[in-house]
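S.K.: One structure is given below, represented as structure tokens, and several questions about it will come after.
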Amino acid sequence: MFVDLNEFKQVNDRHGHAAGDRLLTHVGDLLRGAVRDGDVVGRFGGDEFVVVCRDVAGRPQARRIAEALATAVAADSAALRFDGMRILPRASIGVSWARPGTVDADALVARADAAMYRAKKSRAGRVALQEAA
């Protein structure tokens, strides 16, 4: 799963880079708290994270996991308080999956990244799925 924070640049521009750094740490904690045991969360760069999940049975389970992540990040209780300000993160999440050994990791991440851009552009939902070929 490829996770991108929506409007992160505006947080840095309005509240400063210290707020942006705190938000990144906060979102990383939220993601780690929302994944299953054995799943791995890592910061990919900038305001992007990658979540690696093993043993995903298919599209319905992949969507449930991604929706749980999006909900955890956007919950009112997830708001970050910084110098008297309330910052509520939002994320767009792209999901790709494949059977072990059928697609290399770089291709899987690239497909999840492409799906994330579809989620970001759609504005209808926060999650987009793309099954690996």
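Residue names in the structure tokens use chain letters A, B, ... in the order shown, residue numbers from 1 in each chain, and ligand numbers from 1 in the order shown.
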Return as a PyMOL selection string the full set of residues in region 13-58 of chain A whose backbone-based DSSP assignment is alpha helix (DSSP H).
M.R.: chain A and resi 13-15+17-34
S.K.: Take the selection from the previous step and output its residues with N, CA, C and O atoms, as an mmCIF file, in the first residue's frame.
M.R.:
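Everything below was put into again_16.cif:
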data_model
loop_
_atom_site.group_PDB
_atom_site.id
_atom_site.type_symbol
_atom_site.label_atom_id
_atom_site.label_comp_id
_atom_site.auth_asym_id
_atom_site.auth_seq_id
_atom_site.Cartn_x
_atom_site.Cartn_y
_atom_site.Cartn_z
ATOM 1 N N ASP A 13 3.569 25.002 4.962
ATOM 2 C CA ASP A 13 3.498 26.420 4.601
ATOM 3 C C ASP A 13 2.787 27.252 5.665
ATOM 4 O O ASP A 13 3.206 28.365 5.976
ATOM 5 N N ARG A 14 1.702 26.726 6.234
ATOM 6 C CA ARG A 14 0.903 27.487 7.199
ATOM 7 C C ARG A 14 1.463 27.428 8.620
ATOM 8 O O ARG A 14 1.371 28.399 9.361
ATOM 9 N N HIS A 15 1.976 26.251 8.996
ATOM 10 C CA HIS A 15 2.332 26.033 10.392
ATOM 11 C C HIS A 15 3.833 25.829 10.623
ATOM 12 O O HIS A 15 4.267 25.736 11.762
ATOM 13 N N HIS A 17 7.752 23.892 9.331
ATOM 14 C CA HIS A 17 8.294 22.542 9.134
ATOM 15 C C HIS A 17 8.305 21.721 10.418
ATOM 16 O O HIS A 17 8.209 20.494 10.367
ATOM 17 N N ALA A 18 8.376 22.368 11.561
ATOM 18 C CA ALA A 18 8.325 21.612 12.819
ATOM 19 C C ALA A 18 6.965 20.930 12.953
ATOM 20 O O ALA A 18 6.880 19.769 13.375
ATOM 21 N N ALA A 19 5.894 21.633 12.555
ATOM 22 C CA ALA A 19 4.559 21.026 12.578
ATOM 23 C C ALA A 19 4.483 19.879 11.572
ATOM 24 O O ALA A 19 3.918 18.821 11.862
ATOM 25 N N GLY A 20 5.052 20.089 10.382
ATOM 26 C CA GLY A 20 5.070 19.029 9.375
ATOM 27 C C GLY A 20 5.810 17.797 9.858
ATOM 28 O O GLY A 20 5.356 16.667 9.667
ATOM 29 N N ASP A 21 6.951 18.008 10.516
ATOM 30 C CA ASP A 21 7.721 16.875 11.053
ATOM 31 C C ASP A 21 6.930 16.138 12.125
ATOM 32 O O ASP A 21 6.910 14.903 12.155
ATOM 33 N N ARG A 22 6.283 16.884 13.007
ATOM 34 C CA ARG A 22 5.461 16.248 14.042
ATOM 35 C C ARG A 22 4.310 15.474 13.419
ATOM 36 O O ARG A 22 3.952 14.394 13.875
ATOM 37 N N LEU A 23 3.719 16.031 12.355
ATOM 38 C CA LEU A 23 2.610 15.352 11.679
ATOM 39 C C LEU A 23 3.078 14.041 11.056
ATOM 40 O O LEU A 23 2.392 13.018 11.153
ATOM 41 N N LEU A 24 4.242 14.047 10.417
ATOM 42 C CA LEU A 24 4.770 12.809 9.822
ATOM 43 C C LEU A 24 4.982 11.733 10.890
ATOM 44 O O LEU A 24 4.619 10.567 10.694
ATOM 45 N N THR A 25 5.565 12.109 12.005
ATOM 46 C CA THR A 25 5.775 11.160 13.096
ATOM 47 C C THR A 25 4.442 10.649 13.622
ATOM 48 O O THR A 25 4.264 9.448 13.855
ATOM 49 N N HIS A 26 3.501 11.550 13.777
ATOM 50 C CA HIS A 26 2.168 11.210 14.279
ATOM 51 C C HIS A 26 1.466 10.229 13.336
ATOM 52 O O HIS A 26 0.898 9.226 13.775
ATOM 53 N N VAL A 27 1.497 10.508 12.045
ATOM 54 C CA VAL A 27 0.837 9.634 11.075
ATOM 55 C C VAL A 27 1.525 8.265 11.042
ATOM 56 O O VAL A 27 0.857 7.234 10.968
ATOM 57 N N GLY A 28 2.850 8.243 11.125
ATOM 58 C CA GLY A 28 3.551 6.966 11.199
ATOM 59 C C GLY A 28 3.074 6.140 12.376
ATOM 60 O O GLY A 28 2.831 4.931 12.257
ATOM 61 N N ASP A 29 2.900 6.792 13.528
ATOM 62 C CA ASP A 29 2.388 6.104 14.715
ATOM 63 C C ASP A 29 0.961 5.599 14.491
ATOM 64 O O ASP A 29 0.623 4.474 14.878
ATOM 65 N N LEU A 30 0.119 6.417 13.863
ATOM 66 C CA LEU A 30 -1.257 6.004 13.581
ATOM 67 C C LEU A 30 -1.297 4.798 12.658
ATOM 68 O O LEU A 30 -2.066 3.860 12.883
ATOM 69 N N LEU A 31 -0.472 4.819 11.612
ATOM 70 C CA LEU A 31 -0.433 3.696 10.676
ATOM 71 C C LEU A 31 0.044 2.424 11.367
ATOM 72 O O LEU A 31 -0.556 1.356 11.200
ATOM 73 N N ARG A 32 1.108 2.543 12.155
ATOM 74 C CA ARG A 32 1.610 1.360 12.873
ATOM 75 C C ARG A 32 0.566 0.810 13.834
ATOM 76 O O ARG A 32 0.464 -0.399 14.028
ATOM 77 N N GLY A 33 -0.233 1.685 14.416
ATOM 78 C CA GLY A 33 -1.274 1.239 15.335
ATOM 79 C C GLY A 33 -2.461 0.599 14.640
ATOM 80 O O GLY A 33 -3.235 -0.115 15.270
ATOM 81 N N ALA A 34 -2.615 0.837 13.336
ATOM 82 C CA ALA A 34 -3.780 0.337 12.604
ATOM 83 C C ALA A 34 -3.507 -0.932 11.801
ATOM 84 O O ALA A 34 -4.447 -1.563 11.339
#
S.K.: Which polymer residues have any atom within 8 Å of an atom of Val56 (chain A), counting only C-alpha atoms, with same-chain residues fewer than 4 positions away left out, as an MDAnalysis selection string?
M.R.: chainID A and resid 61:62 97
S.K.: With N, CA, C and O atoms kept, could you save the residues just selected as a PDB file, in the first residue's frame?
M.R.:
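Here's the written file part_8.pdb:
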ATOM      1  N   GLN A  61     -10.250  -8.158   1.220  1.00  0.00           N
ATOM      2  CA  GLN A  61      -9.415  -7.985   2.403  1.00  0.00           C
ATOM      3  C   GLN A  61      -8.455  -6.803   2.217  1.00  0.00           C
ATOM      4  O   GLN A  61      -8.234  -6.025   3.146  1.00  0.00           O
ATOM      5  N   ALA A  62      -7.899  -6.650   1.024  1.00  0.00           N
ATOM      6  CA  ALA A  62      -7.001  -5.527   0.750  1.00  0.00           C
ATOM      7  C   ALA A  62      -7.733  -4.205   0.962  1.00  0.00           C
ATOM      8  O   ALA A  62      -7.201  -3.274   1.572  1.00  0.00           O
ATOM      9  N   TRP A  97      -1.467  -5.809  -5.025  1.00  0.00           N
ATOM     10  CA  TRP A  97      -1.084  -7.079  -4.405  1.00  0.00           C
ATOM     11  C   TRP A  97      -0.865  -8.121  -5.489  1.00  0.00           C
ATOM     12  O   TRP A  97      -1.316  -7.971  -6.618  1.00  0.00           O
TER      13      TRP A  97
END
S.K.: Which is closer to Ser92 (chain A) than all the others in A:Val35, A:Val40, A:Val50, A:Val11, using only C-alpha atoms?
M.R.: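 Using only C-alpha atoms, Ser92 (chain A) sits closest to A:Val50.
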S.K.: Ranking A:Val52, A:Ala128, A:Asp4, A:Ala78 by minimum distance to Ala105 (chain A) and counting only C-alpha atoms, which one comes first?
M.R.: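 For Ala105 (chain A), the nearest of the candidates is A:Val52.
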S.K.: Please compute the CA of Ala79 (chain A)-CA of Val127 (chain A) distance, one decimal, in Å.
M.R.: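 Here the two named atoms are 20.1 Å from each other.
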S.K.: Please return as a PyMOL selection string: the residues of region 16-66 of chain A that backbone DSSP assigns to strand (DSSP E or B).
M.R.: chain A and resi 40-45+48-52
S.K.: List as number ranges by chain the protein and nucleic acid residues near Val51 (chain A), meaning an atom at most 10 Å away when only C-alpha atoms are counted, but skip any in the same chain fewer than 5 places from it.
M.R.: A: 1-3, 31-32, 35, 39-44, 66, 69, 93, 95, 109
S.K.: Which residue out of A:Pro60, A:Gly94, A:Gly101, A:Pro89 has the minimum interatomic distance to Asn6 (chain A) when only C-alpha atoms are used?
M.R.: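 The closest residue to Asn6 (chain A) is A:Pro89.
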S.K.: Tell me which of A:Thr71, A:Asn12, A:Ser96, A:Ser77 sits closest to Arg126 (chain A), counting only C-alpha atoms.
M.R.: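 Closest residue, counting only C-alpha atoms: A:Thr71.
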S.K.: In Å to one decimal, how far is CA of Phe8 (chain A) from CA of Leu129 (chain A)?
M.R.: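 Rounded to one decimal, the two atoms are 22.5 Å apart.
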